[in-house]
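start_26.txt follows; it contains compact mmCIF, C-alpha atoms.
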# COMPACT_ATOMS: atom_id res chain seq x y z
CA MET A 1 31.95 -4.88 -79.16
CA ARG A 2 30.03 -1.71 -78.27
CA ILE A 3 27.26 -1.65 -75.70
CA SER A 4 24.62 -1.74 -78.47
CA SER A 5 26.07 -5.03 -79.77
CA LEU A 6 26.19 -6.41 -76.23
CA ALA A 7 22.48 -5.56 -76.00
CA GLU A 8 21.79 -7.32 -79.29
CA ARG A 9 23.82 -10.41 -78.35
CA THR A 10 22.13 -10.82 -74.96
CA GLY A 11 18.64 -9.49 -75.72
CA VAL A 12 18.99 -7.13 -72.73
CA PRO A 13 18.20 -3.44 -73.44
CA VAL A 14 21.03 -0.90 -73.30
CA ALA A 15 19.30 0.95 -70.43
CA THR A 16 19.30 -2.27 -68.38
CA LEU A 17 22.98 -2.91 -69.21
CA LYS A 18 23.82 0.60 -67.99
CA PHE A 19 21.90 -0.13 -64.81
CA TYR A 20 23.93 -3.35 -64.33
CA LEU A 21 27.14 -1.34 -64.83
CA ARG A 22 26.10 1.31 -62.28
CA GLU A 23 25.10 -1.42 -59.80
CA GLY A 24 28.40 -3.25 -60.19
CA LEU A 25 26.74 -6.38 -61.58
CA LEU A 26 28.70 -6.02 -64.80
CA PRO A 27 32.41 -5.06 -64.84
CA PRO A 28 33.19 -1.94 -66.88
CA GLY A 29 34.38 -2.42 -70.46
CA ALA A 30 37.74 -1.16 -71.78
CA ALA A 31 37.32 2.59 -72.30
CA THR A 32 37.82 3.66 -75.92
CA SER A 33 36.82 7.28 -75.41
CA ARG A 34 35.36 9.45 -72.65
CA THR A 35 31.86 8.09 -73.35
CA GLN A 36 32.45 4.73 -75.04
CA ALA A 37 33.81 1.34 -74.00
CA ARG A 38 34.41 -2.04 -75.58
CA TYR A 39 32.94 -5.26 -74.22
CA ASP A 40 33.97 -8.86 -74.85
CA GLU A 41 32.69 -12.44 -74.48
CA THR A 42 33.15 -12.36 -70.67
CA HIS A 43 30.57 -9.56 -70.61
CA VAL A 44 28.15 -11.57 -72.73
CA GLU A 45 28.41 -14.48 -70.29
CA ARG A 46 28.12 -12.26 -67.24
CA VAL A 47 24.98 -10.52 -68.57
CA ARG A 48 23.35 -13.90 -69.29
CA LEU A 49 24.20 -15.09 -65.79
CA VAL A 50 22.87 -11.92 -64.10
CA ARG A 51 19.70 -12.14 -66.20
CA ALA A 52 19.18 -15.79 -65.25
CA LEU A 53 19.75 -15.11 -61.54
CA ILE A 54 17.28 -12.22 -61.49
CA GLU A 55 14.67 -13.81 -63.77
CA SER A 56 14.69 -17.43 -62.82
CA ALA A 57 16.12 -17.53 -59.33
CA SER A 58 14.32 -14.26 -58.37
CA LEU A 59 17.40 -13.07 -56.49
CA SER A 60 17.66 -9.53 -55.14
CA LEU A 61 20.34 -7.28 -56.65
CA GLY A 62 22.32 -7.53 -53.40
CA ALA A 63 22.30 -11.31 -53.57
CA VAL A 64 23.33 -11.30 -57.23
CA ARG A 65 26.24 -9.08 -56.25
CA GLN A 66 27.27 -11.55 -53.52
CA VAL A 67 27.12 -14.50 -55.87
CA LEU A 68 29.33 -12.57 -58.31
CA THR A 69 31.77 -11.71 -55.52
CA VAL A 70 32.20 -15.40 -54.69
CA LEU A 71 32.60 -16.19 -58.39
CA ASP A 72 35.17 -13.45 -58.97
CA ASP A 73 37.32 -14.23 -55.92
CA PRO A 74 36.94 -17.93 -55.06
CA PRO A 75 38.59 -19.15 -51.81
CA ALA A 76 41.59 -21.49 -51.97
CA SER A 77 40.21 -24.92 -51.00
CA LYS A 78 37.26 -26.67 -52.55
CA HIS A 79 35.71 -27.19 -49.12
CA LEU A 80 35.93 -23.47 -48.16
CA LEU A 81 34.61 -22.64 -51.58
CA MET A 82 31.55 -24.86 -51.19
CA GLY A 83 30.97 -23.17 -47.83
CA ALA A 84 31.24 -19.65 -49.29
CA ALA A 85 28.88 -20.63 -52.10
CA GLN A 86 26.38 -22.03 -49.58
CA HIS A 87 26.49 -18.82 -47.56
CA ALA A 88 25.85 -16.66 -50.62
CA LEU A 89 22.81 -18.85 -51.25
CA LEU A 90 21.52 -18.50 -47.71
CA ARG A 91 21.91 -14.78 -47.21
CA ASP A 92 19.29 -13.60 -49.64
CA GLU A 93 16.40 -15.50 -48.15
CA GLU A 94 17.47 -14.36 -44.69
CA ARG A 95 17.46 -10.75 -45.78
CA ARG A 96 14.06 -11.09 -47.44
CA ALA A 97 12.46 -12.88 -44.49
CA SER A 98 10.75 -10.65 -41.93
CA PRO A 99 12.82 -10.59 -38.76
CA ALA A 100 11.50 -13.22 -36.36
CA ASP A 101 10.03 -12.01 -33.08
CA SER A 102 12.34 -14.38 -31.21
CA PRO A 103 14.97 -16.83 -32.41
CA ALA A 104 13.47 -20.25 -33.15
CA ASP A 105 14.37 -23.15 -30.86
CA THR A 106 16.87 -25.18 -32.90
CA GLU A 107 16.37 -28.36 -30.85
CA PRO A 108 13.66 -29.94 -33.07
CA ALA A 109 15.78 -29.28 -36.17
CA VAL A 110 18.89 -30.73 -34.54
CA ALA A 111 16.94 -33.79 -33.37
CA LEU A 112 15.75 -34.40 -36.93
CA LEU A 113 19.20 -34.02 -38.45
CA SER A 114 20.81 -36.38 -35.96
CA ARG A 115 18.04 -38.95 -36.51
CA TRP A 116 19.10 -38.97 -40.16
CA GLY A 117 22.78 -39.23 -39.20
CA TRP A 118 23.56 -35.82 -40.70
CA ASP A 119 26.52 -34.07 -39.01
CA CYS A 120 25.61 -30.39 -38.90
CA ASP A 121 27.14 -27.42 -37.14
CA LEU A 122 24.46 -26.07 -34.75
CA HIS A 123 25.42 -22.52 -35.71
CA ASP A 124 25.19 -23.21 -39.42
CA PRO A 125 22.74 -20.63 -40.81
CA ALA A 126 21.01 -23.48 -42.66
CA VAL A 127 20.21 -25.23 -39.35
CA VAL A 128 18.88 -22.01 -37.85
CA ARG A 129 16.83 -21.46 -40.98
CA LEU A 130 15.45 -24.99 -40.88
CA ALA A 131 14.36 -24.38 -37.28
CA GLU A 132 12.56 -21.18 -38.34
CA GLN A 133 10.89 -22.89 -41.29
CA LEU A 134 9.66 -25.74 -39.10
CA ARG A 135 8.24 -23.19 -36.66
CA ALA A 136 6.59 -21.23 -39.49
CA ALA A 137 4.97 -24.39 -40.89
CA GLU A 138 3.67 -25.22 -37.42
CA ALA A 139 2.37 -21.66 -37.00
CA GLY A 140 0.60 -22.06 -40.35
CA GLY A 141 -1.13 -25.16 -39.03
CA VAL A 142 0.72 -27.69 -41.22
CA THR A 143 3.22 -29.30 -38.86
CA PRO A 144 4.87 -31.87 -41.16
CA PRO A 145 4.61 -35.39 -39.68
CA ALA A 146 7.84 -37.32 -39.07
CA GLU A 147 7.13 -39.66 -42.03
CA GLN A 148 6.93 -36.69 -44.42
CA LEU A 149 10.18 -35.18 -43.13
CA ASP A 150 11.92 -38.57 -43.33
CA ALA A 151 10.79 -38.83 -46.97
CA PHE A 152 12.16 -35.30 -47.60
CA ALA A 153 15.52 -36.33 -46.13
CA ARG A 154 15.78 -39.46 -48.28
CA ALA A 155 14.75 -37.46 -51.35
CA CYS A 156 17.29 -34.71 -50.59
CA GLU A 157 20.08 -37.27 -50.20
CA THR A 158 19.25 -38.52 -53.70
CA ILE A 159 19.20 -34.93 -54.99
CA ALA A 160 22.43 -33.87 -53.26
CA ASP A 161 24.37 -36.88 -54.60
CA ALA A 162 23.20 -35.97 -58.11
CA ASP A 163 24.06 -32.29 -57.44
CA LEU A 164 27.58 -33.17 -56.31
CA ALA A 165 28.17 -35.25 -59.41
CA THR A 166 27.69 -32.08 -61.51
CA VAL A 167 30.36 -30.05 -59.62
CA PRO A 168 33.60 -29.79 -61.61
CA GLU A 169 37.12 -29.76 -60.05
CA GLU A 170 38.15 -26.31 -61.26
CA PRO A 171 37.40 -23.80 -58.42
CA GLU A 172 35.61 -21.04 -60.31
CA ALA A 173 33.53 -23.52 -62.26
CA ALA A 174 32.76 -25.36 -58.99
CA VAL A 175 31.44 -22.20 -57.28
CA ARG A 176 29.42 -21.32 -60.33
CA GLN A 177 27.92 -24.79 -60.34
CA VAL A 178 27.13 -24.86 -56.59
CA VAL A 179 25.68 -21.35 -56.42
CA VAL A 180 24.08 -20.95 -59.80
CA GLY A 181 23.33 -24.62 -60.36
CA THR A 182 21.53 -24.94 -57.03
CA LEU A 183 19.64 -21.65 -57.42
CA LEU A 184 18.56 -22.25 -60.99
CA THR A 185 17.48 -25.83 -60.35
CA ASP A 186 15.59 -25.01 -57.09
CA PRO A 187 12.54 -23.82 -59.07
CA ILE A 188 12.73 -26.91 -61.32
CA LEU A 189 12.65 -29.09 -58.23
CA LEU A 190 9.59 -27.32 -56.81
CA THR A 191 7.74 -27.57 -60.15
CA LEU A 192 8.55 -31.27 -60.36
CA ARG A 193 7.19 -31.68 -56.83
CA ARG A 194 3.84 -30.23 -58.04
CA LEU A 195 3.80 -32.37 -61.18
CA ALA A 196 4.66 -35.46 -59.12
CA GLN A 197 1.80 -34.56 -56.74
CA GLN A 198 -0.54 -34.59 -59.75
CA GLN A 199 0.78 -38.04 -60.72
CA SER A 200 0.28 -39.34 -57.20
CA GLY A 201 -3.16 -37.74 -57.06
CA ARG A 202 -4.17 -39.37 -60.37
CA ALA A 203 -2.78 -42.75 -59.39
CA ALA A 204 -4.67 -42.54 -56.10
CA SER A 205 -7.95 -41.43 -57.71
CA GLY A 206 -7.58 -44.03 -60.53
CA ASP A 207 -7.87 -41.63 -63.49
CA ARG A 208 -4.35 -42.14 -64.77
CA ILE A 209 -4.29 -42.64 -68.54
CA PRO A 210 -2.93 -46.15 -69.19
CA PRO A 211 0.12 -46.63 -71.49
CA ASP A 212 -2.13 -47.72 -74.41
CA GLY A 213 -3.57 -44.20 -74.49
CA ARG A 214 -7.18 -45.12 -73.72
CA PRO A 215 -8.65 -42.91 -71.01
CA GLY A 216 -9.05 -44.59 -67.64
CA PRO A 217 -12.25 -44.84 -65.61
CA ALA A 218 -13.97 -41.43 -65.17
CA MET B 1 -12.33 -10.45 -28.43
CA ARG B 2 -11.37 -6.91 -29.42
CA ILE B 3 -8.72 -6.14 -32.02
CA SER B 4 -6.19 -5.40 -29.28
CA SER B 5 -6.66 -8.91 -27.86
CA LEU B 6 -6.38 -10.39 -31.35
CA ALA B 7 -3.06 -8.54 -31.66
CA GLU B 8 -1.90 -9.95 -28.32
CA ARG B 9 -2.97 -13.51 -29.13
CA THR B 10 -1.23 -13.52 -32.54
CA GLY B 11 1.73 -11.25 -31.87
CA VAL B 12 0.72 -9.17 -34.92
CA PRO B 13 0.45 -5.38 -34.32
CA VAL B 14 -3.00 -3.73 -34.49
CA ALA B 15 -1.86 -1.58 -37.44
CA THR B 16 -0.96 -4.74 -39.40
CA LEU B 17 -4.31 -6.35 -38.51
CA LYS B 18 -6.12 -3.27 -39.81
CA PHE B 19 -4.08 -3.53 -43.00
CA TYR B 20 -5.11 -7.20 -43.37
CA LEU B 21 -8.76 -6.17 -42.88
CA ARG B 22 -8.51 -3.43 -45.53
CA GLU B 23 -6.78 -5.83 -47.94
CA GLY B 24 -9.44 -8.49 -47.45
CA LEU B 25 -6.96 -10.99 -46.00
CA LEU B 26 -8.93 -11.10 -42.76
CA PRO B 27 -12.75 -11.23 -42.72
CA PRO B 28 -14.39 -8.38 -40.75
CA GLY B 29 -15.38 -9.05 -37.15
CA ALA B 30 -18.94 -8.75 -35.85
CA ALA B 31 -19.60 -5.01 -35.43
CA THR B 32 -20.37 -4.02 -31.85
CA SER B 33 -20.43 -0.26 -32.51
CA ARG B 34 -19.62 2.12 -35.33
CA THR B 35 -15.89 1.82 -34.63
CA GLN B 36 -15.52 -1.52 -32.83
CA ALA B 37 -15.87 -5.17 -33.75
CA ARG B 38 -15.49 -8.54 -32.05
CA TYR B 39 -13.18 -11.25 -33.34
CA ASP B 40 -13.16 -14.97 -32.58
CA GLU B 41 -10.93 -18.03 -32.85
CA THR B 42 -11.39 -18.23 -36.65
CA HIS B 43 -9.70 -14.81 -36.83
CA VAL B 44 -6.81 -16.00 -34.68
CA GLU B 45 -6.24 -18.94 -37.02
CA ARG B 46 -6.60 -16.82 -40.16
CA VAL B 47 -4.09 -14.23 -38.91
CA ARG B 48 -1.58 -16.98 -38.12
CA LEU B 49 -2.06 -18.49 -41.56
CA VAL B 50 -1.66 -15.12 -43.36
CA ARG B 51 1.43 -14.37 -41.29
CA ALA B 52 2.94 -17.77 -42.12
CA LEU B 53 2.21 -17.40 -45.85
CA ILE B 54 3.78 -13.94 -46.02
CA GLU B 55 6.72 -14.67 -43.73
CA SER B 56 7.71 -18.18 -44.57
CA ALA B 57 6.36 -18.80 -48.04
CA SER B 58 7.17 -15.17 -49.12
CA LEU B 59 3.87 -14.94 -51.00
CA SER B 60 2.64 -11.66 -52.45
CA LEU B 61 -0.56 -10.21 -50.98
CA GLY B 62 -2.40 -11.11 -54.19
CA ALA B 63 -1.33 -14.73 -53.92
CA VAL B 64 -2.32 -14.88 -50.24
CA ARG B 65 -5.73 -13.58 -51.26
CA GLN B 66 -6.03 -16.33 -53.89
CA VAL B 67 -5.07 -19.05 -51.47
CA LEU B 68 -7.71 -17.72 -49.06
CA THR B 69 -10.31 -17.67 -51.86
CA VAL B 70 -9.69 -21.36 -52.58
CA LEU B 71 -9.83 -22.11 -48.85
CA ASP B 72 -13.07 -20.19 -48.34
CA ASP B 73 -14.91 -21.62 -51.35
CA PRO B 74 -13.53 -25.09 -52.12
CA PRO B 75 -14.79 -26.82 -55.32
CA ALA B 76 -17.01 -29.90 -55.05
CA SER B 77 -14.74 -32.82 -55.95
CA LYS B 78 -11.41 -33.64 -54.37
CA HIS B 79 -9.79 -33.79 -57.80
CA LEU B 80 -11.04 -30.32 -58.87
CA LEU B 81 -9.99 -29.07 -55.49
CA MET B 82 -6.44 -30.37 -55.85
CA GLY B 83 -6.34 -28.65 -59.26
CA ALA B 84 -7.57 -25.32 -57.88
CA ALA B 85 -5.05 -25.54 -55.09
CA GLN B 86 -2.25 -26.25 -57.58
CA HIS B 87 -3.26 -23.25 -59.68
CA ALA B 88 -3.24 -20.92 -56.69
CA LEU B 89 0.28 -22.16 -56.02
CA LEU B 90 1.43 -21.58 -59.59
CA ARG B 91 0.02 -18.12 -60.23
CA ASP B 92 2.19 -16.18 -57.84
CA GLU B 93 5.51 -17.27 -59.29
CA GLU B 94 4.18 -16.56 -62.78
CA ARG B 95 3.16 -13.06 -61.81
CA ARG B 96 6.52 -12.40 -60.15
CA ALA B 97 8.56 -13.73 -63.04
CA SER B 98 9.60 -11.19 -65.66
CA PRO B 99 7.60 -11.79 -68.83
CA ALA B 100 9.61 -14.05 -71.14
CA ASP B 101 10.75 -12.58 -74.49
CA SER B 102 9.19 -15.56 -76.26
CA PRO B 103 7.32 -18.60 -74.97
CA ALA B 104 9.69 -21.46 -74.14
CA ASP B 105 9.66 -24.56 -76.32
CA THR B 106 7.81 -27.12 -74.20
CA GLU B 107 9.19 -30.10 -76.14
CA PRO B 108 12.22 -30.80 -73.90
CA ALA B 109 9.99 -30.66 -70.81
CA VAL B 110 7.40 -32.96 -72.36
CA ALA B 111 10.14 -35.40 -73.46
CA LEU B 112 11.44 -35.53 -69.88
CA LEU B 113 8.01 -36.09 -68.37
CA SER B 114 7.14 -38.88 -70.77
CA ARG B 115 10.52 -40.54 -70.17
CA TRP B 116 9.49 -40.76 -66.53
CA GLY B 117 6.04 -42.07 -67.46
CA TRP B 118 4.35 -38.96 -66.05
CA ASP B 119 1.04 -38.16 -67.81
CA CYS B 120 0.84 -34.38 -68.02
CA ASP B 121 -1.45 -32.02 -69.87
CA LEU B 122 0.77 -30.05 -72.29
CA HIS B 123 -1.16 -26.88 -71.43
CA ASP B 124 -0.76 -27.39 -67.71
CA PRO B 125 0.84 -24.16 -66.41
CA ALA B 126 3.31 -26.35 -64.48
CA VAL B 127 4.58 -27.92 -67.72
CA VAL B 128 4.98 -24.49 -69.34
CA ARG B 129 6.76 -23.29 -66.24
CA LEU B 130 9.09 -26.30 -66.23
CA ALA B 131 9.98 -25.52 -69.87
CA GLU B 132 10.80 -21.92 -68.91
CA GLN B 133 12.87 -23.00 -65.90
CA LEU B 134 14.88 -25.46 -68.02
CA ARG B 135 15.53 -22.69 -70.55
CA ALA B 136 16.54 -20.25 -67.80
CA ALA B 137 18.98 -22.78 -66.30
CA GLU B 138 20.49 -23.33 -69.74
CA ALA B 139 20.72 -19.55 -70.28
CA GLY B 140 22.53 -19.32 -66.93
CA GLY B 141 25.07 -21.87 -68.15
CA VAL B 142 24.00 -24.73 -65.87
CA THR B 143 22.03 -27.07 -68.15
CA PRO B 144 21.16 -29.92 -65.77
CA PRO B 145 22.41 -33.27 -67.14
CA ALA B 146 19.85 -36.06 -67.68
CA GLU B 147 21.17 -38.00 -64.65
CA GLN B 148 20.51 -35.01 -62.36
CA LEU B 149 16.97 -34.52 -63.69
CA ASP B 150 16.27 -38.25 -63.36
CA ALA B 151 17.40 -38.08 -59.73
CA PHE B 152 15.10 -35.06 -59.20
CA ALA B 153 12.17 -37.04 -60.63
CA ARG B 154 12.79 -40.07 -58.38
CA ALA B 155 13.20 -37.75 -55.38
CA CYS B 156 10.00 -35.85 -56.22
CA GLU B 157 8.04 -39.09 -56.50
CA THR B 158 9.17 -39.95 -52.97
CA ILE B 159 8.21 -36.45 -51.80
CA ALA B 160 4.81 -36.40 -53.55
CA ASP B 161 3.80 -39.78 -52.10
CA ALA B 162 4.65 -38.49 -48.64
CA ASP B 163 2.80 -35.21 -49.41
CA LEU B 164 -0.33 -37.06 -50.50
CA ALA B 165 -0.32 -39.14 -47.34
CA THR B 166 -0.75 -35.90 -45.33
CA VAL B 167 -3.88 -34.75 -47.25
CA PRO B 168 -7.06 -35.38 -45.26
CA GLU B 169 -10.43 -36.36 -46.79
CA GLU B 170 -12.41 -33.29 -45.68
CA PRO B 171 -12.36 -30.77 -48.60
CA GLU B 172 -11.43 -27.57 -46.81
CA ALA B 173 -8.75 -29.32 -44.81
CA ALA B 174 -7.49 -30.96 -48.02
CA VAL B 175 -7.08 -27.60 -49.83
CA ARG B 176 -5.40 -26.11 -46.82
CA GLN B 177 -2.99 -29.02 -46.72
CA VAL B 178 -2.22 -29.00 -50.48
CA VAL B 179 -1.80 -25.22 -50.78
CA VAL B 180 -0.40 -24.28 -47.42
CA GLY B 181 1.34 -27.57 -46.74
CA THR B 182 3.18 -27.47 -50.07
CA LEU B 183 4.06 -23.77 -49.81
CA LEU B 184 5.24 -23.93 -46.21
CA THR B 185 7.29 -27.07 -46.74
CA ASP B 186 8.88 -25.87 -50.02
CA PRO B 187 11.47 -23.82 -48.11
CA ILE B 188 12.14 -26.76 -45.75
CA LEU B 189 12.85 -28.92 -48.78
CA LEU B 190 15.30 -26.40 -50.26
CA THR B 191 17.11 -26.01 -46.94
CA LEU B 192 17.38 -29.80 -46.59
CA ARG B 193 18.83 -29.90 -50.11
CA ARG B 194 21.62 -27.55 -48.98
CA LEU B 195 22.24 -29.50 -45.77
CA ALA B 196 22.29 -32.76 -47.73
CA GLN B 197 24.79 -31.18 -50.15
CA GLN B 198 27.02 -30.46 -47.14
CA GLN B 199 26.72 -34.10 -46.06
CA SER B 200 27.57 -35.34 -49.56
CA GLY B 201 30.44 -32.86 -49.77
CA ARG B 202 31.85 -34.02 -46.43
CA ALA B 203 31.45 -37.68 -47.28
CA ALA B 204 33.22 -37.08 -50.59
CA SER B 205 36.05 -35.05 -49.04
CA GLY B 206 36.47 -37.58 -46.18
CA ASP B 207 36.07 -35.18 -43.25
CA ARG B 208 32.83 -36.66 -41.94
CA ILE B 209 32.96 -37.24 -38.18
CA PRO B 210 32.63 -41.00 -37.59
CA PRO B 211 29.92 -42.33 -35.20
CA ASP B 212 32.46 -42.78 -32.38
CA GLY B 213 32.94 -39.01 -32.28
CA ARG B 214 36.63 -38.96 -33.18
CA PRO B 215 37.37 -36.46 -35.92
CA GLY B 216 38.17 -38.01 -39.30
CA PRO B 217 41.30 -37.36 -41.35
CA ALA B 218 41.96 -33.62 -41.88
Do you think you could lay out the structure here as structure tokens?
Amino acid sequence: MRISSLAERTGVPVATLKFYLREGLLPPGAATSRTQARYDETHVERVRLVRALIESASLSLGAVRQVLTVLDDPPASKHLLMGAAQHALLRDEERRASPADSPADTEPAVALLSRWGWDCDLHDPAVVRLAEQLRAAEAGGVTPPAEQLDAFARACETIADADLATVPEEPEAAVRQVVVGTLLTDPILLTLRRLAQQQSGRAASGDRIPPDGRPGPA
Amino acid sequence: MRISSLAERTGVPVATLKFYLREGLLPPGAATSRTQARYDETHVERVRLVRALIESASLSLGAVRQVLTVLDDPPASKHLLMGAAQHALLRDEERRASPADSPADTEPAVALLSRWGWDCDLHDPAVVRLAEQLRAAEAGGVTPPAEQLDAFARACETIADADLATVPEEPEAAVRQVVVGTLLTDPILLTLRRLAQQQSGRAASGDRIPPDGRPGPA
């Protein structure tokens, strides 16, 4: 199909598609003349993926490019592949974060993780990031109490088991699922947290609407 | 204290403090001359909070301003206050998201919420947002299966109960905790999700290090 049809199929304007091509987010089509090229179903899928990453996961163009690099050249073993996918996920937030004045002390993070029986590499960027996030929360005056963090850990074990169950065996599909699936469901998770807070708040304040539909006490 | 001392105490450069003052993120100090003002401990705390919101929660300046507005003028009842805090949280992501081509169908989101027995207002911006996030995930080719979403809901109930337990009675402190506590712990939650995925991945692939410290099967 021509670029105008690709635009129609995906709902993305031609000018944006040309931008994706220039930025390397979309592989070039098969040239049919000096100024025209043909695109196929792989382009349709790629455009939808790029659009979803930028729109929903709010990724930077650089991060989108890294996700695509992992997708286009997946490492040999499933374990390496999960690692590469994880790193692509981590890099963007690191790049967007203001550089810290001094590296955060990782000891509180490591103490937490070992209390939960989680085996983590101390140099894992996720551990370093956790340490920085704990420090930032403390600096913002909202040091999470141990009970809250323990609840987070139990909740994240539930989430991760469900996440893993969605990862297929085939390598490219597995990377896509780990990277894109995690990124695109992160916002869903945070929205559900807010909605669940409203439920908890209503239950606590007693104005939950009972199953028979009559309003509760005011 | 003078602005230079405020900079020293908070580790934030004088130029940045002046920017915060111009942008209304930091209330003016008490003027001591035409060009000088005195700042106190409330300024130290405010600067730390603004810094944490921008650095860790990656909020836009507009959203930081809204959070501060809720903090500085909390509504009368705790329930209204929780609502105002929730809205301040929701607005930023809405503003940053590209405008959707067409409003998402909220029916799948509402069906999910009622399956979980969650009473939600259909016009709640969080419900609309959930509908858009589900559509975006589907558009990105990673439609979350029902089992994964059910696990998210159970996990978020655990999280929300723990969140609510941290909210104090005093109104201003409650808003601070709901807005800032949720925003600053969101990234912690997402990092723990990734670390928990690693744990699940290791457990599934059998290379978890057993408690006695001997490496498991390669």
Nearby residues (all atoms listed in the file) at most 12 Å from Glu23 (chain B), same-chain spacing under 2 positions excluded, as a list in words: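 Listing them by chain and then by number gives Thr16, Leu17, Lys18, Phe19, Tyr20, Leu21, Leu25, Leu26, Pro27, Pro28, Val50, Ser60, Leu61, Gly62, Val64, Arg65 and Leu68 of chain B.
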Protein/DNA/RNA residues near (21.5, -36.9, -51.7), cut 12 Å, all atoms listed in the file, as a PyMOL selection string: (chain A and resi 116+118+151-165) or (chain B and resi 148+151-152+154-155+192-204)
Polymer residues at most 7 Å from region 134-139 of chain B, only C-alpha atoms, same-chain spacing of 3 or more positions, as a list of chain:residue names: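 Skipping anything fewer than 3 positions along the chain leaves A:Arg48, A:Ala52, A:Ser56, A:Leu184, A:Thr185, B:Ala104, B:Leu130, B:Ala131, B:Val142, B:Thr143.
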Closest of B:Thr106, B:Thr191, B:Gln66, B:Thr32 to Leu53 (chain B) - atom-to-atom distances counting only C-alpha atoms: B:Gln66
Interatomic distance (Å, one decimal) between CA of Ala15 (chain A) and CA of Val67 (chain A): 22.6 Å
Selected residue, from B:Glu55, B:Glu107, B:Glu170, B:Asp150, that lies nearest to chain A when counting all atoms listed in the file: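 Among B:Glu55, B:Glu107, B:Glu170, B:Asp150, it is B:Glu55 that comes nearest to chain A.
Counting from CA of Leu149 (chain A), the distance to CA of Leu71 (chain B) is 24.6 Å.
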